[in-house]
file run14.cif (mmCIF, C-alpha atoms and all ligand atoms)
data_run
#
loop_
_atom_site.label_atom_id
_atom_site.label_comp_id
_atom_site.auth_asym_id
_atom_site.auth_seq_id
_atom_site.Cartn_x
_atom_site.Cartn_y
_atom_site.Cartn_z
CA MET F 15 80.77 -8.35 126.26
CA THR F 16 82.85 -6.34 123.78
CA ALA F 17 86.24 -7.56 122.58
CA LYS F 18 87.84 -4.76 124.58
CA GLU F 19 86.18 -5.92 127.80
CA THR F 20 87.16 -9.53 127.08
CA ILE F 21 90.79 -8.42 126.65
CA GLN F 22 90.67 -6.48 129.92
CA ARG F 23 89.27 -9.45 131.84
CA LEU F 24 91.83 -11.80 130.29
CA LYS F 25 94.66 -9.43 131.22
CA GLN F 26 93.40 -9.30 134.80
CA ARG F 27 93.29 -13.10 134.95
CA LEU F 28 96.84 -13.32 133.61
CA ALA F 29 98.08 -10.90 136.25
CA ASP F 30 98.07 -13.81 138.73
CA PRO F 31 101.52 -15.49 138.54
CA SER F 32 100.26 -18.61 140.35
CA LEU F 33 97.87 -19.36 137.47
CA LYS F 34 98.77 -22.55 135.59
CA ILE F 35 97.94 -22.59 131.91
CA ALA F 36 97.39 -25.41 129.42
CA ILE F 37 97.82 -24.65 125.70
CA ILE F 38 96.14 -27.14 123.35
CA PRO F 39 96.19 -27.31 119.52
CA HIS F 40 93.77 -29.32 117.39
CA ILE F 41 94.39 -32.97 116.51
CA SER F 42 97.08 -33.39 113.79
CA PRO F 43 98.42 -29.88 114.39
CA ASP F 44 99.26 -27.87 111.26
CA GLY F 45 101.44 -24.78 110.82
CA ASP F 46 98.78 -22.39 112.11
CA ALA F 47 98.04 -24.43 115.24
CA ALA F 48 101.75 -24.97 115.95
CA GLY F 49 102.64 -21.33 115.22
CA ALA F 50 99.89 -20.09 117.55
CA CYS F 51 100.92 -22.52 120.34
CA SER F 52 104.56 -21.47 119.97
CA ALA F 53 103.77 -17.75 119.93
CA LEU F 54 101.37 -17.92 122.87
CA TRP F 55 103.74 -19.96 125.06
CA GLN F 56 106.59 -17.56 124.25
CA LEU F 57 104.28 -14.69 125.22
CA PHE F 58 103.48 -16.42 128.55
CA ASP F 59 107.25 -16.90 129.07
CA ALA F 60 107.75 -13.18 128.49
CA LEU F 61 104.96 -12.43 130.99
CA GLY F 62 106.45 -14.82 133.54
CA MET F 63 103.47 -17.20 133.44
CA GLN F 64 103.52 -20.98 133.98
CA ALA F 65 102.28 -22.78 130.87
CA ARG F 66 102.52 -26.23 129.29
CA LEU F 67 101.72 -27.29 125.74
CA LEU F 68 99.59 -30.47 125.61
CA SER F 69 98.75 -32.30 122.39
CA CYS F 70 96.59 -35.34 121.79
CA ASP F 71 99.07 -36.60 119.16
CA TYR F 72 102.36 -35.24 117.79
CA PHE F 73 103.65 -32.13 116.03
CA PRO F 74 105.15 -33.07 112.64
CA ASP F 75 108.94 -32.74 112.21
CA TYR F 76 108.73 -29.71 109.92
CA LEU F 77 107.18 -27.67 112.76
CA ARG F 78 109.41 -28.79 115.61
CA TRP F 79 111.91 -25.94 115.08
CA LEU F 80 109.29 -23.47 116.35
CA PRO F 81 110.29 -22.30 119.85
CA ARG F 82 108.60 -24.36 122.61
CA VAL F 83 106.93 -26.80 120.21
CA SER F 84 109.47 -29.55 120.96
CA ASP F 85 108.59 -29.12 124.67
CA ALA F 86 105.01 -30.28 124.01
CA ILE F 87 103.66 -33.13 126.13
CA SER F 88 101.84 -35.69 124.01
CA PHE F 89 98.88 -37.54 125.49
CA GLN F 90 99.99 -40.58 123.47
CA ASN F 91 103.20 -41.20 125.38
CA ARG F 92 102.75 -39.08 128.57
CA PRO F 93 99.02 -39.25 129.45
CA GLY F 94 99.66 -38.95 133.21
CA GLU F 95 101.46 -35.62 132.87
CA CYS F 96 98.70 -34.24 130.64
CA LYS F 97 96.00 -35.22 133.14
CA GLU F 98 97.93 -33.82 136.08
CA TRP F 99 98.55 -30.44 134.43
CA LEU F 100 94.89 -30.20 133.43
CA ARG F 101 93.88 -30.90 137.05
CA GLU F 102 96.08 -28.07 138.28
CA ALA F 103 95.48 -25.57 135.48
CA GLY F 104 93.07 -22.65 135.85
CA LEU F 105 93.13 -21.62 132.19
CA LEU F 106 92.90 -23.77 129.08
CA CYS F 107 93.84 -22.14 125.75
CA MET F 108 92.19 -23.71 122.68
CA LEU F 109 94.11 -22.63 119.60
CA ASP F 110 93.00 -22.92 115.97
CA HIS F 111 89.90 -25.00 116.81
CA ASN F 112 86.31 -24.12 117.63
CA THR F 113 85.25 -27.15 119.70
CA LEU F 114 86.81 -29.53 122.24
CA ALA F 115 85.75 -32.30 119.84
CA ARG F 116 88.87 -31.40 117.79
CA GLU F 117 91.15 -32.42 120.68
CA GLY F 118 91.16 -36.16 119.93
CA ASP F 119 91.88 -38.35 122.97
CA LEU F 120 92.23 -35.28 125.21
CA GLU F 121 88.55 -34.40 124.70
CA PRO F 122 87.10 -36.57 127.49
CA ILE F 123 89.49 -34.86 129.93
CA THR F 124 89.09 -31.30 128.67
CA ARG F 125 85.28 -31.72 128.69
CA LYS F 126 85.55 -32.10 132.47
CA PHE F 127 87.86 -29.09 132.81
CA ARG F 128 86.47 -26.75 135.46
CA GLY F 129 88.70 -23.70 134.92
CA GLU F 130 88.31 -20.92 132.37
CA ILE F 131 88.76 -21.36 128.64
CA LEU F 132 90.44 -18.99 126.19
CA MET F 133 89.63 -19.66 122.53
CA ILE F 134 91.56 -18.04 119.69
CA ASP F 135 90.28 -19.35 116.38
CA HIS F 136 88.95 -18.60 112.90
CA HIS F 137 86.58 -21.51 112.19
CA PRO F 138 82.81 -20.97 111.91
CA ASP F 139 80.36 -21.84 114.73
CA PRO F 140 82.60 -21.68 117.83
CA GLU F 141 81.40 -23.49 120.97
CA GLY F 142 81.60 -22.02 124.46
CA ALA F 143 84.75 -20.45 126.00
CA THR F 144 85.13 -17.86 128.78
CA TYR F 145 87.30 -15.57 126.65
CA ARG F 146 86.46 -16.06 123.00
CA PHE F 147 88.39 -14.47 120.15
CA SER F 148 86.88 -15.92 117.00
CA ASP F 149 86.85 -14.30 113.57
CA THR F 150 86.31 -16.22 110.33
CA ARG F 151 87.54 -13.29 108.21
CA VAL F 152 91.17 -13.50 109.27
CA SER F 153 93.71 -15.54 107.31
CA SER F 154 94.69 -17.63 110.31
CA THR F 155 94.60 -18.02 114.06
CA CYS F 156 98.10 -16.52 114.10
CA GLU F 157 96.88 -13.30 112.48
CA LEU F 158 94.14 -13.03 115.12
CA LEU F 159 96.61 -13.83 117.90
CA TYR F 160 98.88 -11.02 116.65
CA THR F 161 95.99 -8.55 116.93
CA LEU F 162 95.12 -9.79 120.42
CA ILE F 163 98.73 -9.53 121.67
CA ALA F 164 99.18 -6.06 120.12
CA LYS F 165 95.96 -4.79 121.69
CA ALA F 166 96.48 -6.33 125.11
CA TRP F 167 100.23 -5.92 125.69
CA GLY F 168 101.47 -3.71 122.83
CA LYS F 169 103.57 -4.69 119.80
CA ALA F 170 106.84 -4.22 121.67
CA ILE F 171 106.38 -7.49 123.59
CA ILE F 172 106.62 -9.40 120.29
CA HIS F 173 110.25 -10.51 119.92
CA PRO F 174 111.62 -12.25 116.78
CA GLY F 175 110.82 -15.75 118.15
CA ILE F 176 107.15 -14.84 118.58
CA ALA F 177 107.09 -13.02 115.22
CA ASN F 178 108.55 -16.05 113.38
CA ALA F 179 105.92 -18.33 114.92
CA LEU F 180 103.04 -16.00 114.01
CA TYR F 181 104.29 -15.67 110.44
CA ALA F 182 104.66 -19.46 110.13
CA GLY F 183 100.93 -19.77 110.85
CA ILE F 184 99.90 -17.03 108.44
CA SER F 185 102.11 -18.44 105.67
CA THR F 186 101.00 -22.08 105.98
CA ASP F 187 97.28 -21.37 106.44
CA THR F 188 97.19 -19.27 103.26
CA GLY F 189 99.33 -21.58 101.08
CA CYS F 190 102.08 -18.92 101.02
CA LEU F 191 99.51 -16.12 100.68
CA SER F 192 97.69 -17.71 97.76
CA HIS F 193 94.27 -18.27 99.40
CA ASN F 194 92.38 -16.75 102.36
CA SER F 195 94.63 -13.75 102.13
CA SER F 196 92.88 -10.95 100.22
CA ARG F 197 92.40 -8.55 103.14
CA PRO F 198 94.90 -5.68 103.35
CA ARG F 199 95.06 -6.21 107.11
CA THR F 200 96.91 -9.54 106.70
CA TYR F 201 99.77 -7.74 104.90
CA ARG F 202 99.86 -4.98 107.53
CA VAL F 203 100.32 -7.67 110.17
CA ILE F 204 103.14 -9.25 108.13
CA ALA F 205 104.76 -5.83 107.68
CA ASP F 206 104.60 -5.30 111.46
CA LEU F 207 106.10 -8.75 112.07
CA LEU F 208 109.01 -7.94 109.70
CA ALA F 209 109.58 -4.68 111.55
CA LEU F 210 109.62 -6.63 114.83
CA GLY F 211 112.46 -8.86 113.63
CA MET F 212 110.68 -11.74 111.92
CA GLN F 213 113.13 -13.77 109.78
CA LYS F 214 111.16 -14.51 106.64
CA GLU F 215 113.87 -16.48 104.80
CA ARG F 216 114.54 -18.61 107.87
CA VAL F 217 110.85 -19.40 108.32
CA HIS F 218 110.45 -20.30 104.62
CA ASP F 219 113.58 -22.43 104.73
CA HIS F 220 112.24 -24.46 107.67
CA LEU F 221 108.71 -24.78 106.29
CA TYR F 222 109.26 -25.32 102.58
CA GLN F 223 112.87 -26.25 101.85
CA ARG F 224 113.63 -29.21 104.10
CA CYS F 225 111.66 -31.88 102.35
CA SER F 226 113.07 -35.45 102.27
CA LEU F 227 113.63 -37.29 98.99
CA SER F 228 111.01 -39.89 99.94
CA ARG F 229 108.45 -37.15 100.58
CA LEU F 230 109.08 -35.59 97.16
CA ARG F 231 108.77 -39.06 95.56
CA LEU F 232 105.47 -39.64 97.42
CA GLU F 233 104.12 -36.38 96.00
CA GLY F 234 105.19 -37.46 92.53
CA HIS F 235 103.55 -40.86 93.01
CA CYS F 236 100.29 -39.20 94.11
CA LEU F 237 100.14 -36.95 91.05
CA LEU F 238 101.36 -39.49 88.49
CA ASN F 239 99.77 -42.73 89.64
CA LYS F 240 96.96 -41.89 92.05
CA MET F 241 95.16 -38.70 91.02
CA THR F 242 92.05 -39.07 88.91
CA ILE F 243 89.87 -36.34 87.50
CA GLU F 244 86.18 -37.13 87.24
CA GLU F 245 84.54 -36.76 83.85
CA GLU F 246 81.19 -35.63 85.20
CA TYR F 247 82.46 -33.15 87.77
CA PRO F 248 85.37 -30.69 88.02
CA LEU F 249 86.71 -32.91 90.80
CA ALA F 250 90.16 -34.41 91.41
CA ILE F 251 90.53 -37.36 93.80
CA ILE F 252 93.80 -38.65 95.27
CA PRO F 253 93.34 -41.89 97.26
CA VAL F 254 96.43 -43.16 99.11
CA THR F 255 96.72 -46.57 100.81
CA ARG F 256 98.64 -47.40 104.00
CA GLN F 257 101.00 -49.64 102.03
CA GLU F 258 101.90 -46.73 99.78
CA LEU F 259 102.59 -44.51 102.79
CA GLU F 260 104.89 -47.20 104.20
CA LYS F 261 106.64 -47.67 100.85
CA PHE F 262 107.52 -43.96 100.78
CA ASP F 263 108.52 -43.88 104.46
CA PHE F 264 105.65 -41.51 105.30
CA LYS F 265 106.04 -39.05 108.19
CA ASP F 266 103.26 -36.81 109.53
CA GLY F 267 103.04 -33.70 107.38
CA ASP F 268 104.54 -35.37 104.28
CA LEU F 269 101.26 -35.05 102.34
CA GLU F 270 100.73 -31.46 103.48
CA GLY F 271 99.92 -29.42 100.39
CA VAL F 272 99.52 -32.27 97.87
CA VAL F 273 95.74 -31.81 97.89
CA ASN F 274 96.18 -28.22 96.66
CA MET F 275 98.12 -29.23 93.55
CA PRO F 276 95.21 -30.47 91.37
CA LEU F 277 93.62 -27.00 91.71
CA ALA F 278 96.39 -25.75 89.39
CA ILE F 279 94.41 -27.42 86.59
CA GLU F 280 91.93 -24.92 85.18
CA ARG F 281 89.04 -27.36 84.99
CA VAL F 282 89.43 -28.67 88.54
CA LEU F 283 87.37 -26.73 91.10
CA VAL F 284 87.47 -29.23 93.96
CA SER F 285 90.28 -31.52 95.08
CA VAL F 286 89.96 -34.31 97.65
CA GLN F 287 92.72 -36.39 99.12
CA ILE F 288 91.68 -39.60 100.84
CA THR F 289 94.37 -41.17 103.01
CA GLU F 290 94.19 -44.54 104.73
CA ARG F 291 95.66 -44.27 108.25
CA LYS F 292 95.79 -46.76 111.12
CA GLU F 293 92.19 -46.82 112.30
CA ARG F 294 90.50 -44.30 110.07
CA VAL F 295 90.47 -42.91 106.59
CA LYS F 296 91.18 -39.18 106.48
CA PHE F 297 89.65 -36.76 104.00
CA SER F 298 91.14 -33.46 102.98
CA PHE F 299 89.05 -31.10 100.82
CA ARG F 300 90.12 -28.00 98.88
CA SER F 301 88.12 -25.77 96.55
CA LYS F 302 88.31 -22.61 94.48
CA GLY F 303 86.26 -19.44 94.90
CA GLU F 304 82.86 -19.66 96.52
CA ILE F 305 82.58 -23.46 96.65
CA PRO F 306 81.87 -24.50 100.27
CA VAL F 307 83.63 -27.87 100.66
CA ASN F 308 83.17 -27.65 104.45
CA LEU F 309 79.47 -28.44 103.87
CA TRP F 310 80.38 -31.62 101.97
CA ALA F 311 82.87 -32.65 104.67
CA LYS F 312 80.27 -32.02 107.38
CA ARG F 313 77.35 -33.81 105.78
CA TYR F 314 79.04 -37.03 104.65
CA PHE F 315 82.48 -37.32 106.23
CA GLY F 316 82.11 -36.43 109.91
CA GLY F 317 84.15 -33.27 109.61
CA GLY F 318 84.02 -29.60 108.67
CA GLY F 319 86.32 -26.61 108.41
CA HIS F 320 86.61 -23.56 106.19
CA ARG F 321 84.82 -22.85 102.92
CA ASN F 322 87.92 -23.61 100.81
CA ALA F 323 89.75 -26.05 103.10
CA ALA F 324 88.04 -28.74 105.15
CA GLY F 325 88.63 -32.23 106.51
CA GLY F 326 86.84 -35.29 107.75
CA GLN F 327 87.33 -38.93 108.66
CA LEU F 328 85.47 -42.22 108.47
CA ALA F 329 86.06 -45.71 109.87
CA LEU F 330 85.39 -47.45 106.54
CA PRO F 331 87.66 -49.24 104.03
CA LEU F 332 89.42 -46.91 101.60
CA ASP F 333 87.55 -48.11 98.49
CA GLU F 334 84.19 -47.56 100.19
CA CYS F 335 85.32 -44.06 101.12
CA VAL F 336 86.18 -43.28 97.50
CA GLN F 337 82.83 -44.70 96.43
CA LEU F 338 80.93 -42.59 98.97
CA LEU F 339 82.76 -39.51 97.74
CA ARG F 340 81.82 -40.24 94.11
CA GLU F 341 78.19 -40.97 95.04
CA SER F 342 77.78 -37.85 97.16
CA ALA F 343 79.43 -35.70 94.46
CA ALA F 344 76.09 -35.59 92.61
CA TRP F 345 74.43 -33.99 95.66
CA PHE F 346 77.29 -31.60 96.34
CA PHE F 347 77.81 -30.32 92.82
CA SER F 348 74.09 -29.85 92.14
CA GLU F 349 73.41 -28.16 95.51
CA HIS F 350 76.49 -26.08 96.03
CA VAL F 351 78.35 -25.48 92.79
CA ASN F 352 76.90 -23.16 90.15
CA ASP F 353 79.89 -22.90 87.86
CA THR F 354 80.97 -26.42 86.93
CA ARG F 355 82.98 -25.25 83.88
CA GLY F 356 83.77 -28.82 82.79
MN MN F 401 94.03 -22.15 111.04
#
call {"tool": "encode", "arguments": {"input": "run14.cif", "output": "structure tokens"}}
result
Amino acid sequence: MTAKETIQRLKQRLADPSLKIAIIPHISPDGDAAGACSALWQLFDALGMQARLLSCDYFPDYLRWLPRVSDAISFQNRPGECKEWLREAGLLCMLDHNTLAREGDLEPITRKFRGEILMIDHHPDPEGATYRFSDTRVSSTCELLYTLIAKAWGKAIIHPGIANALYAGISTDTGCLSHNSSRPRTYRVIADLLALGMQKERVHDHLYQRCSLSRLRLEGHCLLNKMTIEEEYPLAIIPVTRQELEKFDFKDGDLEGVVNMPLAIERVLVSVQITERKERVKFSFRSKGEIPVNLWAKRYFGGGGHRNAAGGQLALPLDECVQLLRESAAWFFSEHVNDTRG
């Protein structure tokens, strides 16, 4: 089926006002997932559709200003409502993820979902979905969602609230247009969003200028006391313990972006942040140029993602995680990195 036919079928499905819709982001939603959820729910509002936003965990504070995001139902504190809506819903929208496995504790329920699935995403190797819009070339799910909305309903339906949400996703997923953002099309979409009333300063203010003092101090602590740069490899590692997170009054999203900072050093080609959370240790990988850190995350750390930005997690003590990273670095740098500068 061509994209055009998929859009036509989706539009027909959405013409039924009795249809109930569940919108679901990936676990630990980021700016792109939250922006896409916000924009899509606002679109459904404009179309007069009944939707709910369900999340397996919580949206971080810095994204809760996005319209409709604070109306999300978390499976952690309202599991009954999530289950009930999924029983009644005929359409499940997977945003910014390519597999139900990225839905955390919601996965066992969404695996049994019998309705149709709409996927809008930009990660490689998408699984299933009735209506699939997946393109790894776009900057973000929000960029792809813009194109879908414009093609299906026309640009005019995009009001400033939708435009702000879409831009929030494009901006955060590209590190303020520093990576994953070399296609002219991305800037044409941003230009359209500005013309449709998007408030760029307001979005930037919410996303980047409302940091707490403790968050800024945690960033400083990571760079000054925690970051190491390997001698053998152009690799920076930032391991953070649970006690340190508590000391700096950590809130979800507070370490967002820290892993990118070591890449400012010329010699560093790969940066990995390893964070000890309640039950698991989380890995966040970043790289420059052609270096595919998603392959490293997939092979050793139970994760995956994009070429230059990937994640993973393991149920091992933090020091063993750091050790595994150092040991597997030999494999990764010899197999996948030609230019080690060093
Ligand atoms: Mn994304």
call {"tool": "closest_residue", "arguments": {"input": "run14.cif", "among": "F:Gln90, F:Ser52, F:Ser42, F:Ser153", "to": "ligand MN 401 (chain F)", "atoms": "only C-alpha atoms and all ligand atoms"}}
result
F:Ser153
call {"tool": "residues_near_ligand", "arguments": {"input": "run14.cif", "ligand": "ligand MN 401 (chain F)", "cutoff": "8 Å", "atoms": "all atoms listed in the file", "output": "ChimeraX atom specification"}}
result
/F:44-47,110-111,135-137,153-156,183,187
call {"tool": "residues_around", "arguments": {"input": "run14.cif", "residues": "F:Leu309", "least_positions_apart": "4", "cutoff": "9 Å", "atoms": "only C-alpha atoms", "output": "list in words"}}
result
Arg313, Tyr314, Gly317, Gly318, Gly319, His320, Arg321, Ala324, Phe346 and His350 of chain F
call {"tool": "residues_around", "arguments": {"input": "run14.cif", "residues": "F:Asp30", "least_positions_apart": "5", "cutoff": "10 Å", "atoms": "all atoms listed in the file", "output": "VMD selection string"}}
result
chain F and resid 25 62 to 63
call {"tool": "residues_around", "arguments": {"input": "run14.cif", "residues": "F:Ala115", "least_positions_apart": "3", "cutoff": "10 Å", "atoms": "only C-alpha atoms", "output": "PyMOL selection string"}}
result
chain F and resi 40-41+111-112+118-122+124-125+141
call {"tool": "atom_distance", "arguments": {"input": "run14.cif", "atom1": "atom CA of F:Glu19", "atom2": "atom CA of F:Lys34"}}
result
22.3 Å
call {"tool": "residues_around", "arguments": {"input": "run14.cif", "residues": "F:Arg151", "least_positions_apart": "4", "cutoff": "10 Å", "atoms": "all atoms listed in the file", "output": "count of residues only"}}
result
8
call {"tool": "residues_near_point", "arguments": {"input": "run14.cif", "point": "(105.3, -13.2, 120.6)", "cutoff": "10 Å", "atoms": "all atoms listed in the file", "output": "CSV table (one decimal) with C-alpha atoms, in the coordinates of the input"}}
result
chain,number,residue,atom,x,y,z
F,50,ALA,CA,99.9,-20.1,117.6
F,52,SER,CA,104.6,-21.5,120.0
F,53,ALA,CA,103.8,-17.8,119.9
F,54,LEU,CA,101.4,-17.9,122.9
F,55,TRP,CA,103.7,-20.0,125.1
F,56,GLN,CA,106.6,-17.6,124.2
F,57,LEU,CA,104.3,-14.7,125.2
F,58,PHE,CA,103.5,-16.4,128.6
F,59,ASP,CA,107.2,-16.9,129.1
F,60,ALA,CA,107.8,-13.2,128.5
F,159,LEU,CA,96.6,-13.8,117.9
F,160,TYR,CA,98.9,-11.0,116.6
F,163,ILE,CA,98.7,-9.5,121.7
F,164,ALA,CA,99.2,-6.1,120.1
F,169,LYS,CA,103.6,-4.7,119.8
F,170,ALA,CA,106.8,-4.2,121.7
F,171,ILE,CA,106.4,-7.5,123.6
F,172,ILE,CA,106.6,-9.4,120.3
F,173,HIS,CA,110.2,-10.5,119.9
F,174,PRO,CA,111.6,-12.2,116.8
F,175,GLY,CA,110.8,-15.8,118.2
F,176,ILE,CA,107.2,-14.8,118.6
F,177,ALA,CA,107.1,-13.0,115.2
F,178,ASN,CA,108.6,-16.0,113.4
F,179,ALA,CA,105.9,-18.3,114.9
F,180,LEU,CA,103.0,-16.0,114.0
F,207,LEU,CA,106.1,-8.8,112.1
F,210,LEU,CA,109.6,-6.6,114.8
call {"tool": "atom_distance", "arguments": {"input": "run14.cif", "atom1": "atom CA of F:Ser84", "atom2": "atom CA of F:Leu67"}}
result
9.4 Å
call {"tool": "closest_residue", "arguments": {"input": "run14.cif", "among": "F:Lys18, F:Arg27, F:Arg340, F:Lys261", "to": "F:Lys165", "atoms": "all atoms listed in the file"}}
result
F:Lys18
call {"tool": "closest_residue", "arguments": {"input": "run14.cif", "among": "F:Ala103, F:Ile279, F:Leu28, F:Leu269", "to": "F:Pro74", "atoms": "all atoms listed in the file"}}
result
F:Leu269
call {"tool": "atom_distance", "arguments": {"input": "run14.cif", "atom1": "atom CA of F:Gly325", "atom2": "atom CA of F:Arg202"}}
result
29.5 Å
call {"tool": "closest_residue", "arguments": {"input": "run14.cif", "among": "F:Val284, F:Thr150, F:Phe89, F:Leu33", "to": "F:Thr242", "atoms": "all atoms listed in the file"}}
result
F:Val284
call {"tool": "closest_residue", "arguments": {"input": "run14.cif", "among": "F:Ile134, F:Ala278, F:Cys335, F:Leu283", "to": "F:Phe297", "atoms": "all atoms listed in the file"}}
result
F:Cys335
call {"tool": "build_atoms", "arguments": {"input": "run14.cif", "residues": "stretch 330-346 of chain F", "atoms": "N, CA and C atoms", "output": "PDB file, in the coordinates of the input"}}
result
ATOM      1  N   LEU F 330      85.849 -46.549 107.605  1.00  0.00           N
ATOM      2  CA  LEU F 330      85.390 -47.450 106.540  1.00  0.00           C
ATOM      3  C   LEU F 330      86.608 -47.819 105.688  1.00  0.00           C
ATOM      4  N   PRO F 331      86.550 -48.931 104.933  1.00  0.00           N
ATOM      5  CA  PRO F 331      87.660 -49.240 104.030  1.00  0.00           C
ATOM      6  C   PRO F 331      87.846 -48.135 102.981  1.00  0.00           C
ATOM      7  N   LEU F 332      89.089 -47.999 102.519  1.00  0.00           N
ATOM      8  CA  LEU F 332      89.420 -46.910 101.600  1.00  0.00           C
ATOM      9  C   LEU F 332      88.534 -46.916 100.342  1.00  0.00           C
ATOM     10  N   ASP F 333      88.324 -48.100  99.741  1.00  0.00           N
ATOM     11  CA  ASP F 333      87.550 -48.110  98.490  1.00  0.00           C
ATOM     12  C   ASP F 333      86.096 -47.688  98.712  1.00  0.00           C
ATOM     13  N   GLU F 334      85.557 -48.006  99.893  1.00  0.00           N
ATOM     14  CA  GLU F 334      84.190 -47.560 100.190  1.00  0.00           C
ATOM     15  C   GLU F 334      84.143 -46.044 100.397  1.00  0.00           C
ATOM     16  N   CYS F 335      85.230 -45.514 100.938  1.00  0.00           N
ATOM     17  CA  CYS F 335      85.320 -44.060 101.120  1.00  0.00           C
ATOM     18  C   CYS F 335      85.320 -43.348  99.772  1.00  0.00           C
ATOM     19  N   VAL F 336      86.105 -43.887  98.833  1.00  0.00           N
ATOM     20  CA  VAL F 336      86.180 -43.280  97.500  1.00  0.00           C
ATOM     21  C   VAL F 336      84.804 -43.361  96.836  1.00  0.00           C
ATOM     22  N   GLN F 337      84.151 -44.507  97.010  1.00  0.00           N
ATOM     23  CA  GLN F 337      82.830 -44.700  96.430  1.00  0.00           C
ATOM     24  C   GLN F 337      81.809 -43.715  97.009  1.00  0.00           C
ATOM     25  N   LEU F 338      81.856 -43.531  98.322  1.00  0.00           N
ATOM     26  CA  LEU F 338      80.930 -42.590  98.970  1.00  0.00           C
ATOM     27  C   LEU F 338      81.176 -41.168  98.466  1.00  0.00           C
ATOM     28  N   LEU F 339      82.442 -40.841  98.251  1.00  0.00           N
ATOM     29  CA  LEU F 339      82.760 -39.510  97.740  1.00  0.00           C
ATOM     30  C   LEU F 339      82.152 -39.324  96.350  1.00  0.00           C
ATOM     31  N   ARG F 340      82.349 -40.337  95.486  1.00  0.00           N
ATOM     32  CA  ARG F 340      81.820 -40.240  94.110  1.00  0.00           C
ATOM     33  C   ARG F 340      80.303 -40.149  94.126  1.00  0.00           C
ATOM     34  N   GLU F 341      79.655 -40.974  94.990  1.00  0.00           N
ATOM     35  CA  GLU F 341      78.190 -40.970  95.040  1.00  0.00           C
ATOM     36  C   GLU F 341      77.636 -39.641  95.548  1.00  0.00           C
ATOM     37  N   SER F 342      78.297 -39.091  96.581  1.00  0.00           N
ATOM     38  CA  SER F 342      77.780 -37.850  97.160  1.00  0.00           C
ATOM     39  C   SER F 342      78.151 -36.631  96.322  1.00  0.00           C
ATOM     40  N   ALA F 343      79.039 -36.818  95.333  1.00  0.00           N
ATOM     41  CA  ALA F 343      79.430 -35.700  94.460  1.00  0.00           C
ATOM     42  C   ALA F 343      78.213 -35.156  93.706  1.00  0.00           C
ATOM     43  N   ALA F 344      77.286 -36.025  93.337  1.00  0.00           N
ATOM     44  CA  ALA F 344      76.090 -35.590  92.610  1.00  0.00           C
ATOM     45  C   ALA F 344      75.325 -34.571  93.448  1.00  0.00           C
ATOM     46  N   TRP F 345      75.107 -34.913  94.742  1.00  0.00           N
ATOM     47  CA  TRP F 345      74.430 -33.990  95.660  1.00  0.00           C
ATOM     48  C   TRP F 345      75.205 -32.689  95.793  1.00  0.00           C
ATOM     49  N   PHE F 346      76.514 -32.804  96.052  1.00  0.00           N
ATOM     50  CA  PHE F 346      77.290 -31.600  96.340  1.00  0.00           C
ATOM     51  C   PHE F 346      77.347 -30.660  95.149  1.00  0.00           C
TER      52      PHE F 346
END
